[in-house]
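In what follows, a structure is listed as structure tokens, so that the remarks can point back to it.
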Amino acid sequence: MRGEGSFVSVAHFDPRNNILEGVSLYLLNRDFSLKGLIEAPWARWDGARWEVRGGTEWTFLPDSRMIRQSVDTSLPLMETPEDFKLLAIEPEEFSFSELRKQITDLKAKGIDSKDYEVDLHAKVAIPLVSPLLVFLAIPFALKYSSAGGWALSFGFSMLIGFGYWVVLAFAISLGHSGALPSWAAAWIPNLILALVGLFFSAAEQ
């Protein structure tokens with residue numbers, strides 16, 4: 001991303017916590033020659049600036065000498081989290097293969113990829129909801145065959161389907177926070193829905 005008198009490269013941006021990870025800030029002269037480089041493992045937005053710890057700055061002097069110093073204050077970066085959010089790609093915008101590649105790249109850079117892993121499992125789990133809902137609707141359809149019964153069957157199915165999406169949203173949020181393993185966050189709602197379908201099928205028999 002091009003900034004004011006600089007170029008910034010970021011390995012990963014966490015829009016929930018406004019944290020940049022793997023930051024490289026290339027400082028430029030007016031003729032676009034490189035006058036300095038700042039690297040930081042992370043930078044956190046405090047509401048007014050990007051705070052850093054453990055960063056390193058190299059300053060390139062005209063006589064070809066280079067000065068190295070530690071950076072533990074803030075980055076000279078004018079862009080705000082809103083600027084980075086315009087360029088950030090949400091996990092749901094990736095295809096399955098792109099998301100899997102993104103996870104591999106983040107792990108190779110030592111960056112936490114749990115958010116992407118949860119969404120990768122969700123990409124497989126969510127399409128299975130439709131056949132599960134059909135399976136769930138069959139017992140109601142067999143039990144209530146009249147016109148009024150069909151309406152009641154449809155209402156029950158819609159209610160259970162709505163409950164599924166509530167449970168899924170809650171489980172996904174737990175997965176993103178690390179409270180649940182990534183696979184569990186995506187698949188537990190499907191498992192609950194399947195168990196409900198089995199219960200009503202067994203009750204019908």
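Chains: A, B, ... in order of the structure tokens. Residues: from 1 per chain. Ligands: from 1, in order shown.
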
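Residues in contact with A:Trp42 at 10 Å, where only C-alpha atoms are counted and same-chain residues fewer than 6 positions away are skipped, are listed as Val10, Ala11, His12, Phe13, Ile19, Leu20, Glu21, Gly22, Val23, Ser24, Trp50, Glu51, Val52, Arg53, Gly54 and Gly55 of chain A.
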
Quick one: everything within 12 Å of A:Pro127, counting only C-alpha atoms, minus sequence neighbours fewer than 6 positions away in the same chain. Send it as a PyMOL selection string. chain A and resi 121+133+186-187+190

Selection file, C-alpha atoms, as a short mmCIF file (atom, residue, chain, number, x, y, z; two decimals), in the first residue's frame:
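Heads up, here's the output in out.cif:
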data_model
loop_
_atom_site.label_atom_id
_atom_site.label_comp_id
_atom_site.auth_asym_id
_atom_site.auth_seq_id
_atom_site.Cartn_x
_atom_site.Cartn_y
_atom_site.Cartn_z
CA HIS A 121 -14.33 -25.60 7.71
CA LEU A 133 -33.09 -29.50 6.61
CA ALA A 186 -18.05 -25.19 12.00
CA TRP A 187 -19.33 -28.75 12.46
CA ASN A 190 -24.47 -29.45 11.76
#

Among chain A, which ones does DSSP assign to strand (DSSP E or B) (computed from the backbone)? Answer as a ChimeraX atom specification. /A:2-3,6-14,19-28,34-45,50-52,55-60,66-71,74-75

A:Asp119 environment, 8 Å, only C-alpha atoms, sequence neighbours closer than 4 positions dropped, as a VMD selection string: chain A and resid 91 to 92 115 123 186

How about saving the chosen residues, C-alpha atoms kept, as an mmCIF file, in the first residue's frame?
data_model
loop_
_atom_site.group_PDB
_atom_site.id
_atom_site.type_symbol
_atom_site.label_atom_id
_atom_site.label_comp_id
_atom_site.auth_asym_id
_atom_site.auth_seq_id
_atom_site.Cartn_x
_atom_site.Cartn_y
_atom_site.Cartn_z
ATOM 1 C CA PRO A 91 -12.256 -14.857 4.517
ATOM 2 C CA GLU A 92 -15.668 -15.465 2.913
ATOM 3 C CA ASP A 115 -10.000 -17.201 11.931
ATOM 4 C CA LYS A 123 -17.177 -23.428 3.643
ATOM 5 C CA ALA A 186 -18.052 -25.192 11.995
#

I'd like the neighbourhood of A:Ile160 as a PDB file with C-alpha atoms, in the first residue's frame, where a residue qualifies if any of its atoms comes within 9 Å (using only C-alpha atoms), though same-chain residues fewer than 5 positions away should be ignored.
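That gives us out_23.pdb:
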ATOM      1  CA  LEU A 133     -33.093 -29.497   6.611  1.00  0.00           C
ATOM      2  CA  LEU A 136     -35.442 -32.838   9.245  1.00  0.00           C
ATOM      3  CA  GLY A 155     -43.278 -23.636  10.448  1.00  0.00           C
ATOM      4  CA  TRP A 165     -28.156 -20.185  12.080  1.00  0.00           C
ATOM      5  CA  LEU A 193     -29.134 -30.354  13.455  1.00  0.00           C
ATOM      6  CA  VAL A 196     -32.512 -33.247  16.034  1.00  0.00           C
TER       7      VAL A 196
END

Which one of A:Ile188, A:Val124, A:Met66, A:Ala194 sits closest to A:Ile172 if you count only C-alpha atoms? A:Ile188

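Using only C-alpha atoms, the smallest distance between any of A:Leu34, A:Ala122, A:Leu28, A:Leu99 and A:His176 comes from A:Ala122.
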
What parts of stretch 17-168 of chain A does DSSP call alpha helix (DSSP H)? I'd like the answer as a PyMOL selection string. chain A and resi 81-87+96-108+114-125+129-143+147-168

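With distances restricted to only C-alpha atoms, A:Leu132 is the closest residue to A:Leu195 from A:Ser64, A:Leu132, A:Trp45, A:Ile126.
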
If you count only C-alpha atoms, the residue of A:Met1, A:Arg44, A:Glu57, A:Arg16 closest to A:Ser173 turns out to be A:Arg16

Given only C-alpha atoms as the counted atoms, nearest of A:Asp14, A:Ala88, A:Val8, A:Val71 to A:Leu27: A:Val8
